[in-house]
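**Student:** Structure supplied as upload-v9.cif; contents: mmCIF, C-alpha atoms and all ligand atoms.
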data_protein
#
loop_
_atom_site.label_atom_id
_atom_site.label_comp_id
_atom_site.auth_asym_id
_atom_site.auth_seq_id
_atom_site.Cartn_x
_atom_site.Cartn_y
_atom_site.Cartn_z
CA MET A 978 4.50 2.72 31.21
CA PHE A 979 7.48 1.35 29.33
CA ILE A 980 7.04 -2.06 30.92
CA PHE A 981 3.36 -2.01 30.09
CA THR A 982 4.06 -1.18 26.44
CA THR A 983 6.66 -3.89 26.16
CA LYS A 984 4.38 -6.45 27.76
CA LYS A 985 1.58 -5.45 25.47
CA ALA A 986 3.85 -5.72 22.43
CA LYS A 987 5.07 -9.15 23.56
CA ALA A 988 1.52 -10.35 24.03
CA GLY A 989 0.72 -9.05 20.56
CA TYR A 990 3.59 -10.97 18.99
CA LEU A 991 2.58 -14.10 20.86
CA ILE A 992 -0.96 -13.86 19.57
CA LEU A 993 0.29 -13.28 16.04
CA ALA A 994 2.72 -16.19 16.32
CA LEU A 995 -0.05 -18.43 17.58
CA PHE A 996 -2.57 -17.20 15.06
CA PRO A 997 -2.41 -20.21 12.75
CA PHE A 998 -2.56 -22.62 15.69
CA LEU A 999 -5.38 -20.77 17.41
CA LEU A 1000 -7.39 -20.86 14.25
CA GLY A 1001 -6.30 -24.36 13.34
CA ALA A 1002 -7.25 -26.12 10.14
CA ASN A 1003 -10.27 -23.89 9.78
CA MET A 1004 -8.12 -21.06 8.55
CA ILE A 1005 -6.35 -23.20 6.00
CA ASP A 1006 -9.61 -24.72 4.75
CA SER A 1007 -11.42 -21.44 4.37
CA GLY A 1008 -8.41 -19.65 2.86
CA LYS A 1009 -8.74 -16.88 5.43
CA ILE A 1010 -5.72 -14.90 6.51
CA PRO A 1011 -5.18 -12.27 9.22
CA ILE A 1012 -4.91 -8.78 7.75
CA PHE A 1013 -4.35 -5.59 9.71
CA ASN A 1014 -6.90 -2.83 9.11
CA ALA A 1015 -4.98 0.47 9.37
CA PHE A 1016 -8.18 2.49 9.76
CA THR A 1017 -9.60 0.57 12.73
CA GLY A 1018 -6.27 -0.65 14.14
CA LYS A 1019 -7.69 -4.18 14.32
CA THR A 1020 -6.55 -7.44 12.78
CA GLU A 1021 -9.30 -9.15 10.83
CA LEU A 1022 -9.63 -12.55 9.21
CA VAL A 1023 -10.34 -12.10 5.52
CA GLU A 1024 -10.61 -14.38 2.51
CA LYS A 1025 -7.60 -14.44 0.21
CA VAL A 1026 -8.33 -12.99 -3.20
CA HIS A 1027 -7.96 -15.36 -6.14
CA LYS A 1028 -8.77 -14.19 -9.65
CA SER A 1029 -7.96 -15.35 -13.14
CA ALA A 1030 -5.85 -13.18 -15.45
CA ALA A 1031 -9.02 -12.28 -17.35
CA GLU A 1032 -10.72 -11.16 -14.13
CA TRP A 1033 -7.73 -9.05 -13.09
CA LYS A 1034 -7.70 -7.40 -16.52
CA LYS A 1035 -11.21 -6.15 -15.85
CA ILE A 1036 -10.12 -4.44 -12.62
CA LEU A 1037 -6.62 -3.25 -13.48
CA THR A 1038 -5.36 -1.01 -16.25
CA PRO A 1039 -3.04 -2.75 -18.77
CA GLU A 1040 -0.06 -1.02 -17.09
CA GLN A 1041 -1.17 -2.12 -13.63
CA PHE A 1042 -1.71 -5.67 -14.87
CA LYS A 1043 1.85 -5.85 -16.21
CA ILE A 1044 3.29 -4.64 -12.90
CA MET A 1045 1.03 -6.33 -10.37
CA ARG A 1046 0.40 -9.67 -12.09
CA LEU A 1047 3.43 -10.02 -14.41
CA LYS A 1048 5.98 -8.47 -12.00
CA GLU A 1049 7.18 -5.75 -14.31
CA THR A 1050 8.56 -2.47 -12.93
CA GLU A 1051 7.40 0.98 -13.92
CA ALA A 1052 10.09 3.41 -15.12
CA PRO A 1053 11.48 5.60 -12.32
CA PHE A 1054 9.95 9.11 -12.04
CA ALA A 1055 7.34 8.00 -14.59
CA LYS A 1056 4.33 8.25 -12.30
CA LEU A 1057 3.21 10.82 -9.79
CA CYS A 1058 2.52 9.21 -6.43
CA PRO A 1059 -0.87 10.43 -5.09
CA MET A 1060 -0.64 12.49 -1.89
CA PRO A 1061 -3.30 13.20 0.74
CA PRO A 1062 -4.54 16.81 1.09
CA LYS A 1063 -2.12 19.13 2.92
CA GLY A 1064 -1.97 18.43 6.64
CA LYS A 1065 -3.89 15.16 6.24
CA ASN A 1066 -2.80 11.55 6.40
CA GLY A 1067 -3.66 8.66 4.20
CA ILE A 1068 -3.20 4.95 3.66
CA TYR A 1069 -1.83 3.45 0.48
CA GLU A 1070 -3.84 0.35 -0.32
CA CYS A 1071 -3.24 -2.47 -2.79
CA ALA A 1072 -4.72 -1.25 -6.10
CA GLY A 1073 -5.90 -4.81 -6.73
CA CYS A 1074 -7.67 -5.87 -3.54
CA GLY A 1075 -7.74 -2.82 -1.22
CA THR A 1076 -5.47 -4.30 1.47
CA ASP A 1077 -3.89 -1.53 3.56
CA LEU A 1078 -0.16 -1.50 2.78
CA PHE A 1079 1.66 1.71 3.75
CA ARG A 1080 1.01 4.90 5.68
CA TYR A 1081 1.65 8.27 4.05
CA GLU A 1082 3.55 9.40 7.16
CA GLU A 1083 5.97 6.48 6.73
CA LYS A 1084 6.82 7.47 3.17
CA PHE A 1085 10.16 9.17 2.55
CA GLU A 1086 11.96 10.80 -0.36
CA SER A 1087 14.56 8.29 -1.51
CA GLY A 1088 15.47 10.02 -4.77
CA THR A 1089 15.01 6.73 -6.63
CA GLY A 1090 11.91 7.77 -8.56
CA TRP A 1091 9.66 5.21 -6.87
CA PRO A 1092 7.52 5.69 -3.75
CA SER A 1093 9.60 4.59 -0.76
CA PHE A 1094 8.44 3.62 2.72
CA TRP A 1095 10.40 2.60 5.78
CA GLN A 1096 7.80 0.13 6.98
CA PRO A 1097 4.47 -1.44 5.96
CA VAL A 1098 1.31 -0.90 8.06
CA SER A 1099 1.83 -4.49 9.26
CA GLU A 1100 4.04 -7.44 8.39
CA LEU A 1101 0.78 -9.39 8.06
CA ASN A 1102 -0.28 -7.43 4.99
CA ILE A 1103 2.74 -8.10 2.81
CA LYS A 1104 4.58 -11.20 1.72
CA LEU A 1105 8.37 -11.22 1.29
CA THR A 1106 10.04 -13.69 -1.08
CA THR A 1107 13.50 -14.07 -2.53
CA ASP A 1108 13.68 -12.84 -6.09
CA SER A 1109 16.68 -14.04 -8.09
CA SER A 1110 15.54 -12.66 -11.44
CA HIS A 1111 17.83 -10.46 -13.57
CA GLY A 1112 20.86 -12.08 -11.90
CA LEU A 1113 20.14 -10.17 -8.69
CA HIS A 1114 19.33 -11.28 -5.18
CA ARG A 1115 16.45 -9.13 -4.09
CA THR A 1116 13.54 -9.45 -1.72
CA GLU A 1117 10.24 -9.12 -3.51
CA VAL A 1118 7.31 -7.47 -1.74
CA SER A 1119 3.84 -8.67 -2.68
CA CYS A 1120 0.33 -8.20 -1.29
CA ALA A 1121 -0.43 -10.90 1.27
CA ARG A 1122 -4.07 -11.05 0.28
CA CYS A 1123 -4.10 -11.09 -3.52
CA GLY A 1124 -0.46 -11.91 -4.27
CA ALA A 1125 0.04 -8.77 -6.40
CA HIS A 1126 3.64 -7.83 -7.06
CA LEU A 1127 4.29 -4.47 -5.37
CA GLY A 1128 8.06 -3.93 -5.53
CA HIS A 1129 11.16 -4.82 -3.51
CA VAL A 1130 12.61 -4.09 -0.08
CA PHE A 1131 16.21 -3.03 0.47
CA ASP A 1132 18.40 -2.53 3.53
CA ASP A 1133 19.40 1.07 2.76
CA GLY A 1134 16.42 2.88 4.26
CA PRO A 1135 16.30 5.48 7.04
CA PRO A 1136 15.92 4.78 10.76
CA PRO A 1137 14.22 3.38 12.71
CA THR A 1138 13.97 0.27 10.48
CA GLY A 1139 16.77 0.91 7.97
CA LYS A 1140 14.46 -0.57 5.32
CA ARG A 1141 13.42 0.90 2.02
CA TYR A 1142 10.24 -0.55 0.60
CA CYS A 1143 10.54 0.48 -3.04
CA ILE A 1144 7.04 0.22 -4.49
CA ASN A 1145 5.50 0.77 -7.90
CA THR A 1146 3.17 3.78 -7.86
CA LEU A 1147 0.61 1.97 -9.97
CA ALA A 1148 0.29 -0.82 -7.40
CA LEU A 1149 -0.95 1.71 -4.83
CA LYS A 1150 -4.26 3.41 -4.25
CA LEU A 1151 -4.37 6.29 -1.76
CA VAL A 1152 -7.26 6.49 0.68
CA PRO A 1153 -7.19 9.64 2.84
CA MET A 1154 -7.69 9.09 6.57
CA PRO A 1155 -11.12 10.29 7.73
CA ALA A 1156 -11.19 13.84 9.05
CA ASP A 1157 -11.39 14.49 12.78
CA PRO A 1158 -14.95 14.40 14.12
CA GLN A 1159 -16.69 17.79 14.25
CA LYS A 1160 -19.08 19.01 16.91
CA ALA A 1161 -22.55 20.45 16.57
CA ALA A 1162 -25.16 21.27 19.24
CA PHE A 1163 -28.91 21.52 18.85
CA GLY A 1164 -31.80 22.33 21.18
CA ALA A 1165 -35.18 21.19 19.86
CA GLY A 1166 -37.24 20.37 22.93
CA CYS A 1167 -36.81 17.44 25.31
CA PHE A 1168 -33.37 16.00 24.60
CA TRP A 1169 -34.52 12.38 24.86
CA GLY A 1170 -36.16 12.43 21.44
CA VAL A 1171 -33.60 14.79 19.91
CA GLU A 1172 -30.75 12.49 20.89
CA SER A 1173 -32.61 9.46 19.57
CA ALA A 1174 -33.13 11.17 16.19
CA PHE A 1175 -29.51 12.29 15.75
CA ALA A 1176 -28.08 8.97 16.96
CA GLN A 1177 -29.67 7.31 13.93
CA VAL A 1178 -28.08 9.62 11.37
CA LYS A 1179 -25.35 7.96 9.31
CA GLY A 1180 -22.04 9.72 9.95
CA VAL A 1181 -22.96 10.72 13.51
CA GLU A 1182 -20.38 9.08 15.74
CA LYS A 1183 -21.54 10.16 19.21
CA THR A 1184 -24.44 11.95 20.84
CA THR A 1185 -24.65 13.33 24.37
CA ALA A 1186 -27.68 14.91 26.03
CA GLY A 1187 -26.86 17.99 28.09
CA TYR A 1188 -27.34 21.64 28.86
CA MET A 1189 -25.96 24.74 27.15
CA GLY A 1190 -26.57 28.45 26.89
CA GLY A 1191 -27.21 29.38 30.53
CA ALA A 1192 -25.24 31.09 33.26
CA LEU A 1193 -25.24 28.47 36.03
CA LYS A 1194 -22.16 26.23 36.14
CA ASN A 1195 -22.68 22.46 36.38
CA PRO A 1196 -26.48 22.65 36.39
CA THR A 1197 -28.60 19.67 37.38
CA TYR A 1198 -31.79 18.70 35.59
CA GLU A 1199 -33.76 20.13 38.52
CA ASP A 1200 -31.86 23.45 38.22
CA VAL A 1201 -32.66 23.63 34.50
CA CYS A 1202 -36.33 22.81 35.12
CA THR A 1203 -36.71 25.92 37.32
CA ASP A 1204 -36.59 27.87 34.03
CA LYS A 1205 -34.16 30.30 35.72
CA THR A 1206 -30.73 29.03 34.62
CA GLY A 1207 -31.07 30.06 30.97
CA HIS A 1208 -29.89 26.63 29.80
CA ALA A 1209 -31.50 24.80 26.95
CA GLU A 1210 -31.72 21.03 26.74
CA VAL A 1211 -29.35 20.25 23.89
CA VAL A 1212 -27.74 17.31 22.19
CA LEU A 1213 -24.03 17.50 21.45
CA VAL A 1214 -23.48 15.71 18.15
CA GLU A 1215 -20.03 14.50 17.10
CA TYR A 1216 -19.98 13.70 13.40
CA ASN A 1217 -17.67 12.69 10.58
CA PRO A 1218 -17.88 15.56 8.08
CA GLN A 1219 -16.89 13.20 5.27
CA ALA A 1220 -19.95 11.04 5.98
CA VAL A 1221 -22.54 13.67 6.88
CA SER A 1222 -22.56 17.41 6.26
CA TYR A 1223 -23.59 20.14 8.67
CA GLU A 1224 -26.38 20.97 6.21
CA ASP A 1225 -27.72 17.43 6.55
CA LEU A 1226 -27.68 17.72 10.34
CA LEU A 1227 -29.61 20.99 10.11
CA ASP A 1228 -32.18 19.28 7.88
CA VAL A 1229 -32.65 16.67 10.60
CA PHE A 1230 -32.80 19.40 13.26
CA TRP A 1231 -35.56 21.37 11.55
CA SER A 1232 -37.50 18.25 10.59
CA ILE A 1233 -37.79 16.79 14.09
CA HIS A 1234 -39.43 19.71 15.91
CA ASP A 1235 -41.61 22.75 15.49
CA PRO A 1236 -39.22 25.73 15.23
CA THR A 1237 -42.13 28.23 15.30
CA THR A 1238 -43.17 27.87 18.94
CA PRO A 1239 -41.08 30.05 21.30
CA ASN A 1240 -39.92 28.22 24.44
CA ARG A 1241 -42.20 25.33 23.76
CA GLN A 1242 -42.36 21.92 22.08
CA GLY A 1243 -45.83 20.42 22.29
CA PRO A 1244 -46.63 19.81 25.95
CA ASP A 1245 -43.13 20.84 27.11
CA ILE A 1246 -43.14 24.51 28.05
CA GLY A 1247 -40.17 26.58 29.26
CA SER A 1248 -36.99 28.20 27.93
CA GLN A 1249 -35.13 24.88 28.30
CA TYR A 1250 -37.23 23.59 25.37
CA ARG A 1251 -36.43 26.48 23.01
CA SER A 1252 -35.38 25.90 19.44
CA VAL A 1253 -31.69 26.77 19.28
CA ILE A 1254 -28.57 26.05 17.23
CA PHE A 1255 -25.23 26.52 18.97
CA TYR A 1256 -22.50 26.89 16.36
CA PHE A 1257 -18.83 25.95 16.92
CA THR A 1258 -17.31 27.63 13.84
CA PRO A 1259 -18.05 30.73 11.72
CA GLU A 1260 -18.75 28.32 8.87
CA GLN A 1261 -21.48 26.56 10.88
CA GLU A 1262 -23.02 29.94 11.73
CA LYS A 1263 -23.05 30.97 8.08
CA ILE A 1264 -24.68 27.71 6.97
CA ALA A 1265 -27.25 27.78 9.81
CA ARG A 1266 -28.31 31.38 9.04
CA ALA A 1267 -28.52 30.72 5.30
CA LEU A 1268 -30.62 27.58 5.72
CA LYS A 1269 -32.89 29.24 8.27
CA GLU A 1270 -33.58 32.04 5.79
CA LYS A 1271 -34.15 29.59 2.98
CA LEU A 1272 -36.55 27.55 5.09
CA SER A 1273 -38.40 30.72 6.19
CA LYS A 1274 -38.87 31.77 2.57
CA SER A 1275 -40.03 28.31 1.55
CA LYS A 1276 -43.14 28.73 3.75
CA LYS A 1277 -42.87 25.09 4.81
CA PHE A 1278 -43.84 26.38 8.24
CA LYS A 1279 -46.95 28.54 8.43
CA LYS A 1280 -45.59 30.69 11.24
CA PRO A 1281 -42.17 32.45 11.45
CA ILE A 1282 -39.18 30.32 12.47
CA VAL A 1283 -37.96 31.43 15.92
CA THR A 1284 -34.85 29.23 16.10
CA GLU A 1285 -32.00 31.07 17.83
CA ILE A 1286 -28.50 30.79 16.30
CA LEU A 1287 -25.88 31.39 18.97
CA PRO A 1288 -22.17 30.72 19.57
CA ALA A 1289 -21.56 27.50 21.50
CA LYS A 1290 -21.01 27.93 25.22
CA GLU A 1291 -19.84 25.42 27.78
CA PHE A 1292 -21.61 22.08 27.41
CA TYR A 1293 -22.70 20.28 30.57
CA PRO A 1294 -23.57 16.61 30.00
CA ALA A 1295 -26.91 15.69 31.56
CA GLU A 1296 -27.28 13.08 34.29
CA GLU A 1297 -26.60 9.50 33.20
CA TYR A 1298 -30.29 8.49 33.26
CA HIS A 1299 -31.02 11.04 30.51
CA GLN A 1300 -28.43 9.57 28.13
CA LYS A 1301 -29.79 7.36 25.31
CA TYR A 1302 -33.06 7.48 27.24
CA PHE A 1303 -35.32 5.76 24.71
CA GLN A 1304 -32.68 3.37 23.42
CA ARG A 1305 -31.87 2.03 26.89
CA ARG A 1306 -35.51 1.46 27.68
CA GLY A 1307 -36.29 -0.07 24.32
CA ILE A 1308 -38.90 2.63 23.67
CA THR A 1309 -39.68 3.79 20.15
CA PRO A 1310 -39.98 7.57 20.40
CA THR A 1311 -43.25 9.13 19.31
CA CYS A 1312 -41.75 12.62 19.21
CA HIS A 1313 -38.87 14.09 17.16
CA ILE A 1314 -39.54 11.88 14.15
CA PRO A 1315 -37.74 13.25 11.08
CA LYS A 1316 -40.04 14.60 8.37
CA ASN A 1317 -38.98 15.24 4.82
CA LEU A 1318 -38.25 18.95 4.49
CA SER A 1319 -35.54 18.44 1.91
CA ARG A 1320 -34.08 21.64 0.58
ZN ZN B 1401 -3.76 -7.02 -2.96
#
Just give me the structure as structure tokens.
**Tutor:**
Amino acid sequence: MFIFTTKKAKAGYLILALFPFLLGANMIDSGKIPIFNAFTGKTELVEKVHKSAAEWKKILTPEQFKIMRLKETEAPFAKLCPMPPKGKNGIYECAGCGTDLFRYEEKFESGTGWPSFWQPVSELNIKLTTDSSHGLHRTEVSCARCGAHLGHVFDDGPPPTGKRYCINTLALKLVPMPADPQKAAFGAGCFWGVESAFAQVKGVEKTTAGYMGGALKNPTYEDVCTDKTGHAEVVLVEYNPQAVSYEDLLDVFWSIHDPTTPNRQGPDIGSQYRSVIFYFTPEQEKIARALKEKLSKSKKFKKPIVTEILPAKEFYPAEEYHQKYFQRRGITPTCHIPKNLSR
């Protein structure tokens, strides 16, 4: 494992070292530079940012302009460095161009009155230059993409680097790291169409067709079709709660099927096709029950809504040929088309 990691790291350095040669004159002509994206973990080629003083003044506050473009330094302890919510991480980006600069978890309390970090997200994203102003010999840290002055780096930081990147608060913009994906599970008839509908929802990161709610362990499709296992055909949805809410997913759920027909969706008859929400948290249960009641009262459906709301049980992924069924075959589904039932 250690050897593998070392080899991988060496290969990484080699690629970085060769970057300008691999890209040749093209990179120089287009003004593109490699920048590390701390959210995706990938290095991307991006255009350098060039703006006139007048253009920067439109984006930056007068204080930010003085620091980032005129290399002034904010007074120590003068500004409160933004922090991510408790228990969460975040990335400090360049307030001028949005380049990822430092991770919250690599910030430390230096007692100097300026935000201090022991390393940047990547050496690619910052530029170090010798600064001999004020009769001192310091190393200036600036943004590699837009050239903004950020601060200085000193050799009195904590391990493992021993560096202290001393940065002006106003040069930084905190972007919290996205929350962990959440799970939701819905049964709304044949899972082919249900999966196709949820896969298209913005903020849904993964969908899997499968079985839930029955007694038989590791059921096959044939087992479920006997109508004796108690399983429903469901789609397990993994979603980013910052991009799509559970309420929005429920809107999709109720809009793609008829929740008033017990154990049936159109021509598909049997308990495997029942309308069911499997909740993973008490919060999901609360929201599902509240929205079901609201929808019932709205009389958008002529008959009573029979959707079951149950705690999630073990999820069994369906056979491979059921996964992304329509998508793989290039078929546009004619069922489970979202309708507008907006609350
Ligand atoms: Zn920048």
**Student:** Identify, on the basis of all atoms listed in the file, every residue whose closest approach to region 1175-1192 of chain A does not exceed 7 Å; exclude the query and any residue fewer than 4 positions from it along the same chain; express the result as a list in words.
**Tutor:**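 Counting only the stated atoms, we get Phe1168, Val1171, Thr1206, Gly1207, His1208, Ala1209, Glu1210, Val1211, Val1212, Leu1213, Val1214, Glu1215, Tyr1216, Asn1217, Ala1220, Val1221, Lys1290, Glu1291, Phe1292, Tyr1293, Pro1294, Ala1295, His1299 and Gln1300 of chain A.
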**Student:** I'd like a table as a Markdown table: residues in chain A with an atom no more than 8 Å from ligand ZN 1401 (chain B), each row giving the shortest atom pair and its distance in Å to one decimal, only C-alpha atoms and all ligand atoms counted, sorted by chain and rising residue number.
**Tutor:**
| residue | atom | partner | partner_atom | distance |
| --- | --- | --- | --- | --- |
| A:Val1026 | CA | B:ZN1401 | ZN | 7.5 |
| A:Glu1070 | CA | B:ZN1401 | ZN | 7.8 |
| A:Cys1071 | CA | B:ZN1401 | ZN | 4.6 |
| A:Ala1072 | CA | B:ZN1401 | ZN | 6.6 |
| A:Gly1073 | CA | B:ZN1401 | ZN | 4.9 |
| A:Cys1074 | CA | B:ZN1401 | ZN | 4.1 |
| A:Gly1075 | CA | B:ZN1401 | ZN | 6.0 |
| A:Thr1076 | CA | B:ZN1401 | ZN | 5.5 |
| A:Ser1119 | CA | B:ZN1401 | ZN | 7.8 |
| A:Cys1120 | CA | B:ZN1401 | ZN | 4.6 |
| A:Ala1121 | CA | B:ZN1401 | ZN | 6.6 |
| A:Arg1122 | CA | B:ZN1401 | ZN | 5.2 |
| A:Cys1123 | CA | B:ZN1401 | ZN | 4.1 |
| A:Gly1124 | CA | B:ZN1401 | ZN | 6.0 |
| A:Ala1125 | CA | B:ZN1401 | ZN | 5.4 |
**Student:** Go ahead and write the residues just picked, C-alpha atoms, as a compact mmCIF listing (two decimals), in the frame of the given file.
**Tutor:**
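Heads up, here's the output in part-v3.txt:
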# COMPACT_ATOMS: atom_id res chain seq x y z
CA VAL A 1026 -8.33 -12.99 -3.20
CA GLU A 1070 -3.84 0.35 -0.32
CA CYS A 1071 -3.24 -2.47 -2.79
CA ALA A 1072 -4.72 -1.25 -6.10
CA GLY A 1073 -5.90 -4.81 -6.73
CA CYS A 1074 -7.67 -5.87 -3.54
CA GLY A 1075 -7.74 -2.82 -1.22
CA THR A 1076 -5.47 -4.30 1.47
CA SER A 1119 3.84 -8.67 -2.68
CA CYS A 1120 0.33 -8.20 -1.29
CA ALA A 1121 -0.43 -10.90 1.27
CA ARG A 1122 -4.07 -11.05 0.28
CA CYS A 1123 -4.10 -11.09 -3.52
CA GLY A 1124 -0.46 -11.91 -4.27
CA ALA A 1125 0.04 -8.77 -6.40
**Student:** Show me, as AutoDock Vina command-line options, the centre and edge lengths in Å to one decimal of the axis-aligned box that covers every listed atom of region 1193-1201 of chain A with 3 Å on each side.
**Tutor:**
--center_x -28.0 --center_y 23.6 --center_z 36.5 --size_x 17.6 --size_y 15.8 --size_z 10.0
**Student:** Between CA of Gln1304 (chain A) and CA of Glu1172 (chain A), what is the distance in Å, rounded to a tenth?
**Tutor:** 9.7 Å
**Student:** Using Å and a single decimal, report how far CA of Asn1145 (chain A) sits from CA of Glu1049 (chain A).
**Tutor:**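 Atom-to-atom, CA of Glu1049 (chain A) and CA of Asn1145 (chain A) are spaced 9.3 Å apart.
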**Student:** Check the smallest atom-to-atom distance from each of A:Gly1064, A:Gly1128, A:Glu1086, A:Lys1274 to Thr1106 (chain A) using all atoms listed in the file, then report the winner.
**Tutor:**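 For Thr1106 (chain A), the nearest of the candidates is A:Gly1128.
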**Student:** Using only C-alpha atoms, which residue out of A:Thr1284, A:Ser1109, A:Ser1273, A:Thr1138 lies closest to Ser1252 (chain A)?
**Tutor:**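 Of A:Thr1284, A:Ser1109, A:Ser1273, A:Thr1138, the one nearest Ser1252 (chain A) is A:Thr1284, counting only C-alpha atoms.
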**Student:** Restricting the calculation to all atoms listed in the file, which member of A:Arg1080, A:Phe1131, A:Ile1010, A:Glu1021 is positioned closest to Leu1105 (chain A)?
**Tutor:**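 Going through A:Arg1080, A:Phe1131, A:Ile1010, A:Glu1021 one by one, the smallest distance to Leu1105 (chain A) is for A:Phe1131.
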**Student:** Which polymer residues have any atom within 8 Å of an atom of Tyr1223 (chain A), counting only C-alpha atoms, with same-chain residues fewer than 3 positions away left out, as a PyMOL selection string?
**Tutor:** chain A and resi 1161+1218+1226-1227+1261+1264
**Student:** Take region 1192-1214 of chain A, model N, CA and C atoms, and hand the result over as an mmCIF file, keeping the file's coordinate frame.
**Tutor:**
data_model
loop_
_atom_site.group_PDB
_atom_site.id
_atom_site.type_symbol
_atom_site.label_atom_id
_atom_site.label_comp_id
_atom_site.auth_asym_id
_atom_site.auth_seq_id
_atom_site.Cartn_x
_atom_site.Cartn_y
_atom_site.Cartn_z
ATOM 1 N N ALA A 1192 -26.310 30.477 32.466
ATOM 2 C CA ALA A 1192 -25.240 31.090 33.260
ATOM 3 C C ALA A 1192 -24.734 30.160 34.368
ATOM 4 N N LEU A 1193 -25.608 29.310 34.875
ATOM 5 C CA LEU A 1193 -25.240 28.470 36.030
ATOM 6 C C LEU A 1193 -24.240 27.383 35.626
ATOM 7 N N LYS A 1194 -23.151 27.282 36.413
ATOM 8 C CA LYS A 1194 -22.160 26.230 36.140
ATOM 9 C C LYS A 1194 -22.661 24.900 36.672
ATOM 10 N N ASN A 1195 -22.317 23.833 35.986
ATOM 11 C CA ASN A 1195 -22.680 22.460 36.380
ATOM 12 C C ASN A 1195 -24.140 22.325 36.817
ATOM 13 N N PRO A 1196 -25.076 22.732 35.985
ATOM 14 C CA PRO A 1196 -26.480 22.650 36.390
ATOM 15 C C PRO A 1196 -26.972 21.205 36.462
ATOM 16 N N THR A 1197 -27.929 20.976 37.345
ATOM 17 C CA THR A 1197 -28.600 19.670 37.380
ATOM 18 C C THR A 1197 -29.886 19.806 36.569
ATOM 19 N N TYR A 1198 -30.524 18.673 36.324
ATOM 20 C CA TYR A 1198 -31.790 18.700 35.590
ATOM 21 C C TYR A 1198 -32.817 19.543 36.359
ATOM 22 N N GLU A 1199 -32.815 19.384 37.678
ATOM 23 C CA GLU A 1199 -33.760 20.130 38.520
ATOM 24 C C GLU A 1199 -33.501 21.639 38.403
ATOM 25 N N ASP A 1200 -32.209 22.024 38.383
ATOM 26 C CA ASP A 1200 -31.860 23.450 38.220
ATOM 27 C C ASP A 1200 -32.448 23.976 36.903
ATOM 28 N N VAL A 1201 -32.233 23.189 35.833
ATOM 29 C CA VAL A 1201 -32.660 23.630 34.500
ATOM 30 C C VAL A 1201 -34.186 23.745 34.450
ATOM 31 N N CYS A 1202 -34.862 22.827 35.133
ATOM 32 C CA CYS A 1202 -36.330 22.810 35.120
ATOM 33 C C CYS A 1202 -36.956 23.999 35.870
ATOM 34 N N THR A 1203 -36.153 24.739 36.643
ATOM 35 C CA THR A 1203 -36.710 25.920 37.320
ATOM 36 C C THR A 1203 -36.976 27.037 36.308
ATOM 37 N N ASP A 1204 -36.432 26.872 35.094
ATOM 38 C CA ASP A 1204 -36.590 27.870 34.030
ATOM 39 C C ASP A 1204 -35.820 29.159 34.355
ATOM 40 N N LYS A 1205 -34.884 29.079 35.307
ATOM 41 C CA LYS A 1205 -34.160 30.300 35.720
ATOM 42 C C LYS A 1205 -32.677 30.264 35.341
ATOM 43 N N THR A 1206 -32.175 29.123 34.887
ATOM 44 C CA THR A 1206 -30.730 29.030 34.620
ATOM 45 C C THR A 1206 -30.365 29.554 33.229
ATOM 46 N N GLY A 1207 -31.336 29.623 32.346
ATOM 47 C CA GLY A 1207 -31.070 30.060 30.970
ATOM 48 C C GLY A 1207 -30.578 28.942 30.064
ATOM 49 N N HIS A 1208 -30.378 27.748 30.624
ATOM 50 C CA HIS A 1208 -29.890 26.630 29.800
ATOM 51 C C HIS A 1208 -30.998 26.051 28.937
ATOM 52 N N ALA A 1209 -30.594 25.569 27.791
ATOM 53 C CA ALA A 1209 -31.500 24.800 26.950
ATOM 54 C C ALA A 1209 -31.085 23.338 27.028
ATOM 55 N N GLU A 1210 -32.062 22.454 26.879
ATOM 56 C CA GLU A 1210 -31.720 21.030 26.740
ATOM 57 C C GLU A 1210 -31.170 20.874 25.320
ATOM 58 N N VAL A 1211 -29.952 20.392 25.221
ATOM 59 C CA VAL A 1211 -29.350 20.250 23.890
ATOM 60 C C VAL A 1211 -28.770 18.843 23.721
ATOM 61 N N VAL A 1212 -28.473 18.543 22.479
ATOM 62 C CA VAL A 1212 -27.740 17.310 22.190
ATOM 63 C C VAL A 1212 -26.443 17.708 21.490
ATOM 64 N N LEU A 1213 -25.337 17.271 22.073
ATOM 65 C CA LEU A 1213 -24.030 17.500 21.450
ATOM 66 C C LEU A 1213 -23.811 16.347 20.471
ATOM 67 N N VAL A 1214 -23.623 16.714 19.213
ATOM 68 C CA VAL A 1214 -23.480 15.710 18.150
ATOM 69 C C VAL A 1214 -22.031 15.734 17.671
#
